[in-house]
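A.B. asks: Sending over entry12.cif (mmCIF, N, CA and C atoms and all ligand atoms).
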data_start
loop_
_atom_site.label_atom_id
_atom_site.label_comp_id
_atom_site.auth_asym_id
_atom_site.auth_seq_id
_atom_site.Cartn_x
_atom_site.Cartn_y
_atom_site.Cartn_z
N MET A 1 24.16 9.27 10.83
CA MET A 1 23.48 8.29 9.98
C MET A 1 24.18 8.19 8.61
N THR A 2 24.39 6.98 8.17
CA THR A 2 25.05 6.79 6.86
C THR A 2 24.01 6.81 5.75
N GLU A 3 24.49 6.88 4.53
CA GLU A 3 23.57 6.85 3.38
C GLU A 3 22.83 5.52 3.31
N ASP A 4 23.52 4.44 3.68
CA ASP A 4 22.89 3.13 3.64
C ASP A 4 21.66 3.06 4.54
N GLU A 5 21.77 3.64 5.72
CA GLU A 5 20.64 3.63 6.64
C GLU A 5 19.45 4.41 6.06
N ASP A 6 19.77 5.50 5.38
CA ASP A 6 18.73 6.28 4.72
C ASP A 6 17.96 5.43 3.72
N ASP A 7 18.71 4.66 2.92
CA ASP A 7 18.09 3.82 1.90
C ASP A 7 17.18 2.78 2.54
N ASP A 8 17.68 2.16 3.62
CA ASP A 8 16.86 1.16 4.31
C ASP A 8 15.52 1.74 4.73
N ASP A 9 15.57 2.93 5.27
CA ASP A 9 14.36 3.56 5.74
C ASP A 9 13.40 3.85 4.58
N LEU A 10 13.97 4.22 3.46
CA LEU A 10 13.17 4.57 2.29
C LEU A 10 12.38 3.37 1.79
N TYR A 11 12.99 2.19 1.82
CA TYR A 11 12.33 1.00 1.27
C TYR A 11 11.60 0.19 2.34
N ARG A 12 11.56 0.69 3.56
CA ARG A 12 10.87 -0.03 4.64
C ARG A 12 9.37 -0.05 4.34
N GLU A 13 8.76 -1.22 4.45
CA GLU A 13 7.32 -1.30 4.24
C GLU A 13 6.60 -0.74 5.46
N ILE A 14 5.53 0.02 5.22
CA ILE A 14 4.78 0.56 6.35
C ILE A 14 3.98 -0.57 6.99
N THR A 15 3.65 -0.40 8.25
CA THR A 15 2.87 -1.43 8.95
C THR A 15 1.40 -1.27 8.59
N PHE A 16 0.63 -2.30 8.92
CA PHE A 16 -0.81 -2.26 8.65
C PHE A 16 -1.46 -1.09 9.39
N ALA A 17 -1.03 -0.89 10.64
CA ALA A 17 -1.59 0.20 11.45
C ALA A 17 -1.29 1.55 10.82
N GLU A 18 -0.07 1.69 10.29
CA GLU A 18 0.30 2.95 9.63
C GLU A 18 -0.52 3.17 8.37
N ALA A 19 -0.76 2.07 7.64
CA ALA A 19 -1.54 2.17 6.40
C ALA A 19 -2.97 2.61 6.72
N LYS A 20 -3.51 2.05 7.81
CA LYS A 20 -4.88 2.42 8.19
C LYS A 20 -4.96 3.89 8.59
N LYS A 21 -3.92 4.35 9.31
CA LYS A 21 -3.88 5.74 9.74
C LYS A 21 -3.79 6.67 8.51
N GLU A 22 -2.96 6.25 7.57
CA GLU A 22 -2.80 7.03 6.34
C GLU A 22 -4.12 7.10 5.57
N ARG A 23 -4.84 5.98 5.54
CA ARG A 23 -6.11 5.95 4.82
C ARG A 23 -7.11 6.90 5.46
N LYS A 24 -7.12 6.91 6.80
CA LYS A 24 -8.04 7.80 7.50
C LYS A 24 -7.72 9.26 7.17
N GLN A 25 -6.41 9.57 7.17
CA GLN A 25 -5.99 10.94 6.85
C GLN A 25 -6.38 11.29 5.41
N HIS A 26 -6.27 10.31 4.53
CA HIS A 26 -6.61 10.55 3.12
C HIS A 26 -8.12 10.79 2.99
N ILE A 27 -8.91 10.04 3.74
CA ILE A 27 -10.37 10.22 3.71
C ILE A 27 -10.71 11.62 4.23
N ASP A 28 -10.08 12.01 5.34
CA ASP A 28 -10.32 13.34 5.90
C ASP A 28 -9.99 14.41 4.86
N TRP A 29 -8.86 14.19 4.15
CA TRP A 29 -8.40 15.13 3.15
C TRP A 29 -9.40 15.22 1.99
N LEU A 30 -9.95 14.05 1.61
CA LEU A 30 -10.93 14.02 0.52
C LEU A 30 -12.22 14.75 0.91
N LEU A 31 -12.58 14.62 2.18
CA LEU A 31 -13.86 15.17 2.63
C LEU A 31 -13.80 16.66 2.97
N LYS A 32 -12.60 17.17 3.24
CA LYS A 32 -12.52 18.58 3.58
C LYS A 32 -12.50 19.42 2.31
N GLY A 33 -12.75 20.71 2.47
CA GLY A 33 -12.79 21.57 1.29
C GLY A 33 -14.13 21.45 0.57
N GLU A 34 -14.12 21.74 -0.72
CA GLU A 34 -15.37 21.77 -1.48
C GLU A 34 -16.04 20.41 -1.57
N GLY A 35 -15.27 19.39 -1.86
CA GLY A 35 -15.82 18.05 -1.92
C GLY A 35 -16.77 17.86 -3.08
N THR A 36 -16.26 17.50 -4.23
CA THR A 36 -17.11 17.24 -5.39
C THR A 36 -17.79 15.89 -5.21
N LYS A 37 -18.71 15.59 -6.12
CA LYS A 37 -19.38 14.30 -6.10
C LYS A 37 -18.35 13.18 -6.17
N ASP A 38 -17.32 13.40 -6.99
CA ASP A 38 -16.29 12.38 -7.18
C ASP A 38 -15.46 12.15 -5.91
N THR A 39 -15.05 13.21 -5.24
CA THR A 39 -14.25 13.02 -4.03
C THR A 39 -15.07 12.35 -2.93
N ARG A 40 -16.35 12.69 -2.85
CA ARG A 40 -17.20 12.06 -1.82
C ARG A 40 -17.38 10.57 -2.12
N ARG A 41 -17.49 10.26 -3.41
CA ARG A 41 -17.64 8.85 -3.81
C ARG A 41 -16.36 8.07 -3.45
N ARG A 42 -15.20 8.68 -3.74
CA ARG A 42 -13.94 8.01 -3.43
C ARG A 42 -13.76 7.84 -1.93
N ALA A 43 -14.13 8.86 -1.16
CA ALA A 43 -14.01 8.79 0.30
C ALA A 43 -14.88 7.65 0.84
N LYS A 44 -16.08 7.51 0.26
CA LYS A 44 -17.00 6.47 0.69
C LYS A 44 -16.41 5.08 0.42
N LEU A 45 -15.80 4.92 -0.75
CA LEU A 45 -15.17 3.64 -1.11
C LEU A 45 -14.08 3.29 -0.10
N LEU A 46 -13.26 4.28 0.23
CA LEU A 46 -12.16 4.03 1.16
C LEU A 46 -12.70 3.74 2.56
N GLN A 47 -13.77 4.41 2.95
CA GLN A 47 -14.36 4.19 4.28
C GLN A 47 -14.92 2.78 4.42
N ARG A 48 -15.42 2.24 3.30
CA ARG A 48 -16.03 0.90 3.35
C ARG A 48 -15.01 -0.22 3.24
N CYS A 49 -13.74 0.15 2.98
CA CYS A 49 -12.69 -0.85 2.79
C CYS A 49 -12.40 -1.55 4.12
N ARG A 50 -12.61 -2.87 4.16
CA ARG A 50 -12.29 -3.64 5.36
C ARG A 50 -11.94 -5.06 4.99
N LYS A 51 -11.49 -5.79 6.00
CA LYS A 51 -11.08 -7.18 5.79
C LYS A 51 -12.18 -7.97 5.10
N GLY A 52 -11.82 -8.67 4.03
CA GLY A 52 -12.78 -9.48 3.30
C GLY A 52 -13.60 -8.70 2.29
N ASP A 53 -13.49 -7.36 2.33
CA ASP A 53 -14.25 -6.53 1.40
C ASP A 53 -13.42 -5.29 1.07
N ARG A 54 -12.28 -5.52 0.42
CA ARG A 54 -11.35 -4.43 0.12
C ARG A 54 -11.83 -3.57 -1.03
N CYS A 55 -11.46 -2.30 -0.99
CA CYS A 55 -11.89 -1.36 -2.02
C CYS A 55 -11.03 -1.49 -3.28
N ASN A 56 -9.77 -1.93 -3.10
CA ASN A 56 -8.83 -2.07 -4.22
C ASN A 56 -8.62 -0.78 -5.01
N GLN A 57 -8.73 0.34 -4.32
CA GLN A 57 -8.46 1.62 -4.96
C GLN A 57 -6.96 1.90 -4.92
N ASP A 58 -6.46 2.46 -6.01
CA ASP A 58 -5.03 2.77 -6.06
C ASP A 58 -4.63 3.74 -4.96
N GLU A 59 -5.54 4.62 -4.59
CA GLU A 59 -5.20 5.64 -3.61
C GLU A 59 -5.41 5.16 -2.16
N CYS A 60 -5.81 3.90 -1.99
CA CYS A 60 -6.02 3.36 -0.64
C CYS A 60 -4.70 2.79 -0.12
N PRO A 61 -4.12 3.38 0.93
CA PRO A 61 -2.83 2.90 1.44
C PRO A 61 -2.88 1.45 1.91
N VAL A 62 -4.01 1.02 2.46
CA VAL A 62 -4.13 -0.35 2.95
C VAL A 62 -4.10 -1.34 1.79
N CYS A 63 -4.86 -1.05 0.73
CA CYS A 63 -4.88 -1.95 -0.44
C CYS A 63 -3.55 -1.89 -1.19
N ALA A 64 -2.94 -0.72 -1.28
CA ALA A 64 -1.67 -0.58 -1.97
C ALA A 64 -0.61 -1.40 -1.24
N ARG A 65 -0.66 -1.37 0.09
CA ARG A 65 0.30 -2.14 0.88
C ARG A 65 0.09 -3.63 0.66
N ARG A 66 -1.18 -4.07 0.62
CA ARG A 66 -1.49 -5.48 0.40
C ARG A 66 -0.95 -5.93 -0.96
N THR A 67 -1.11 -5.09 -1.97
CA THR A 67 -0.62 -5.43 -3.31
C THR A 67 0.89 -5.59 -3.29
N ARG A 68 1.58 -4.68 -2.60
CA ARG A 68 3.04 -4.75 -2.53
C ARG A 68 3.49 -6.01 -1.79
N CYS A 69 2.80 -6.35 -0.71
CA CYS A 69 3.16 -7.53 0.08
C CYS A 69 2.93 -8.79 -0.73
N ALA A 70 1.83 -8.86 -1.48
CA ALA A 70 1.52 -10.03 -2.30
C ALA A 70 2.57 -10.18 -3.39
N ALA A 71 2.97 -9.10 -4.01
CA ALA A 71 3.97 -9.14 -5.06
C ALA A 71 5.29 -9.68 -4.51
N ARG A 72 5.60 -9.28 -3.28
CA ARG A 72 6.84 -9.73 -2.66
C ARG A 72 6.78 -11.24 -2.38
N ARG A 73 5.60 -11.72 -1.94
CA ARG A 73 5.45 -13.15 -1.67
C ARG A 73 5.63 -13.95 -2.95
N ILE A 74 5.03 -13.51 -4.04
CA ILE A 74 5.15 -14.20 -5.32
C ILE A 74 6.63 -14.22 -5.72
N GLY A 75 7.32 -13.10 -5.48
CA GLY A 75 8.74 -13.01 -5.81
C GLY A 75 9.55 -14.04 -5.06
N SER A 76 9.28 -14.23 -3.76
CA SER A 76 10.09 -15.17 -2.99
C SER A 76 9.75 -16.61 -3.33
N VAL A 77 8.51 -16.87 -3.76
CA VAL A 77 8.14 -18.22 -4.18
C VAL A 77 8.91 -18.56 -5.45
N ALA A 78 8.93 -17.64 -6.39
CA ALA A 78 9.65 -17.84 -7.64
C ALA A 78 11.14 -18.10 -7.35
N GLU A 79 11.64 -17.40 -6.37
CA GLU A 79 13.04 -17.53 -5.98
C GLU A 79 13.33 -18.92 -5.43
N ALA A 80 12.36 -19.48 -4.67
CA ALA A 80 12.53 -20.80 -4.08
C ALA A 80 12.51 -21.88 -5.17
N ILE A 81 11.65 -21.67 -6.17
CA ILE A 81 11.55 -22.65 -7.26
C ILE A 81 12.76 -22.53 -8.20
N TYR A 82 13.07 -21.30 -8.54
CA TYR A 82 14.19 -21.06 -9.45
C TYR A 82 15.27 -20.28 -8.70
N PRO A 83 16.25 -20.98 -8.16
CA PRO A 83 17.27 -20.31 -7.34
C PRO A 83 17.96 -19.15 -8.05
N ARG A 84 18.01 -19.18 -9.37
CA ARG A 84 18.71 -18.12 -10.07
C ARG A 84 17.78 -16.99 -10.52
N PHE A 85 16.53 -17.10 -10.11
CA PHE A 85 15.53 -16.10 -10.47
C PHE A 85 15.97 -14.70 -10.07
N LYS A 86 16.40 -14.57 -8.84
CA LYS A 86 16.80 -13.27 -8.31
C LYS A 86 18.03 -12.74 -9.07
N ALA A 87 18.99 -13.63 -9.29
CA ALA A 87 20.22 -13.22 -9.99
C ALA A 87 19.89 -12.74 -11.39
N ALA A 88 18.90 -13.37 -12.01
CA ALA A 88 18.53 -12.99 -13.38
C ALA A 88 17.91 -11.60 -13.41
N ILE A 89 17.18 -11.25 -12.37
CA ILE A 89 16.50 -9.96 -12.34
C ILE A 89 17.41 -8.85 -11.86
N PHE A 90 18.15 -9.12 -10.78
CA PHE A 90 18.98 -8.05 -10.23
C PHE A 90 20.40 -8.11 -10.77
ZN ZN A 101 -8.74 -0.30 0.42
#
Show the structure stored in the file as structure tokens.

C.D. replies:
Amino acid sequence: MTEDEDDDDLYREITFAEAKKERKQHIDWLLKGEGTKDTRRRAKLLQRCRKGDRCNQDECPVCARRTRCAARRIGSVAEAIYPRFKAAIF
């Protein structure tokens, strides 16, 4: 494997299914152990996160992925309107 391939893998966006799996693991992690009032509250928020009613928590992999995807869409729209947009940034 070359270094280039490593980089590609690093910046690969996770799939929705992977994000959901990660969220479940994060909820399990929050609920195990002592579990303060705060961790239980955060776990509950993540558990209630679903289509049309997102939790928008920074620690929610599904919402974090959605934010990244939306940012990318805005980026490509700007690029279509201003062809030199990308060149100006990168
Ligand atoms: Zn969420």

A.B. asks: With all atoms listed in the file as the counted atoms, please give the residues lying no more than 8 Å from Cys63 in chain A, apart from itself and same-chain residues fewer than 6 positions off, as a list in words.

C.D. replies: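 Residues near the query, excluding close chain neighbours: Ala19, Lys20, Arg54, Cys55, Asn56, Gln57 and Cys69 of chain A.
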
A.B. asks: Within 8 Å of ligand ZN 101 (chain A) (counting all atoms listed in the file), which residues show up? I'd like them as a tab-separated table (two decimals) with N, CA and C atoms, in the coordinates of the input.

C.D. replies:
chain	number	residue	atom	x	y	z
A	45	LEU	N	-15.80	4.92	-0.75
A	45	LEU	CA	-15.17	3.64	-1.11
A	45	LEU	C	-14.08	3.29	-0.10
A	46	LEU	N	-13.26	4.28	0.23
A	46	LEU	CA	-12.16	4.03	1.16
A	46	LEU	C	-12.70	3.74	2.56
A	47	GLN	N	-13.77	4.41	2.95
A	47	GLN	CA	-14.36	4.19	4.28
A	47	GLN	C	-14.92	2.78	4.42
A	48	ARG	N	-15.42	2.24	3.30
A	48	ARG	CA	-16.03	0.90	3.35
A	48	ARG	C	-15.01	-0.22	3.24
A	49	CYS	N	-13.74	0.15	2.98
A	49	CYS	CA	-12.69	-0.85	2.79
A	49	CYS	C	-12.40	-1.55	4.12
A	50	ARG	N	-12.61	-2.87	4.16
A	50	ARG	CA	-12.29	-3.64	5.36
A	50	ARG	C	-11.94	-5.06	4.99
A	53	ASP	N	-13.49	-7.36	2.33
A	53	ASP	CA	-14.25	-6.53	1.40
A	53	ASP	C	-13.42	-5.29	1.07
A	54	ARG	N	-12.28	-5.52	0.42
A	54	ARG	CA	-11.35	-4.43	0.12
A	54	ARG	C	-11.83	-3.57	-1.03
A	55	CYS	N	-11.46	-2.30	-0.99
A	55	CYS	CA	-11.89	-1.36	-2.02
A	55	CYS	C	-11.03	-1.49	-3.28
A	56	ASN	N	-9.77	-1.93	-3.10
A	56	ASN	CA	-8.83	-2.07	-4.22
A	56	ASN	C	-8.62	-0.78	-5.01
A	57	GLN	N	-8.73	0.34	-4.32
A	57	GLN	CA	-8.46	1.62	-4.96
A	57	GLN	C	-6.96	1.90	-4.92
A	58	ASP	N	-6.46	2.46	-6.01
A	58	ASP	CA	-5.03	2.77	-6.06
A	58	ASP	C	-4.63	3.74	-4.96
A	59	GLU	N	-5.54	4.62	-4.59
A	59	GLU	CA	-5.20	5.64	-3.61
A	59	GLU	C	-5.41	5.16	-2.16
A	60	CYS	N	-5.81	3.90	-1.99
A	60	CYS	CA	-6.02	3.36	-0.64
A	60	CYS	C	-4.70	2.79	-0.12
A	61	PRO	N	-4.12	3.38	0.93
A	61	PRO	CA	-2.83	2.90	1.44
A	61	PRO	C	-2.88	1.45	1.91
A	62	VAL	N	-4.01	1.02	2.46
A	62	VAL	CA	-4.13	-0.35	2.95
A	62	VAL	C	-4.10	-1.34	1.79
A	63	CYS	N	-4.86	-1.05	0.73
A	63	CYS	CA	-4.88	-1.95	-0.44
A	63	CYS	C	-3.55	-1.89	-1.19
A	64	ALA	N	-2.94	-0.72	-1.28
A	64	ALA	CA	-1.67	-0.58	-1.97
A	64	ALA	C	-0.61	-1.40	-1.24

A.B. asks: Could you tell me which of A:Arg65, A:Lys32, A:Arg72, A:Lys51 comes closest to Thr15 in chain A if we count all atoms listed in the file?

C.D. replies: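 Checking each of A:Arg65, A:Lys32, A:Arg72, A:Lys51 against Thr15 in chain A, counting all atoms listed in the file, the winner is A:Arg65.
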
A.B. asks: How far is it from CA of Leu31 in chain A to CA of Phe16 in chain A, in Å with one decimal?

C.D. replies: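 So the two atoms, CA of Leu31 in chain A and CA of Phe16 in chain A, lie 22.6 Å apart.
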
A.B. asks: Which value, in Å to one decimal, gives the distance between CA of Lys21 in chain A and CA of Ile74 in chain A?

C.D. replies: 26.6 Å

A.B. asks: One decimal, Å: what's the distance from atom N of Ala43 in chain A over to CA of Ile27 in chain A, could you say?

C.D. replies: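 Atom N of Ala43 in chain A sits 6.3 Å away from CA of Ile27 in chain A.
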
A.B. asks: Range 14-78 of chain A: which residues are alpha helix (DSSP H) by DSSP, as a PyMOL selection string?

C.D. replies: chain A and resi 16-31+37-48+61-78
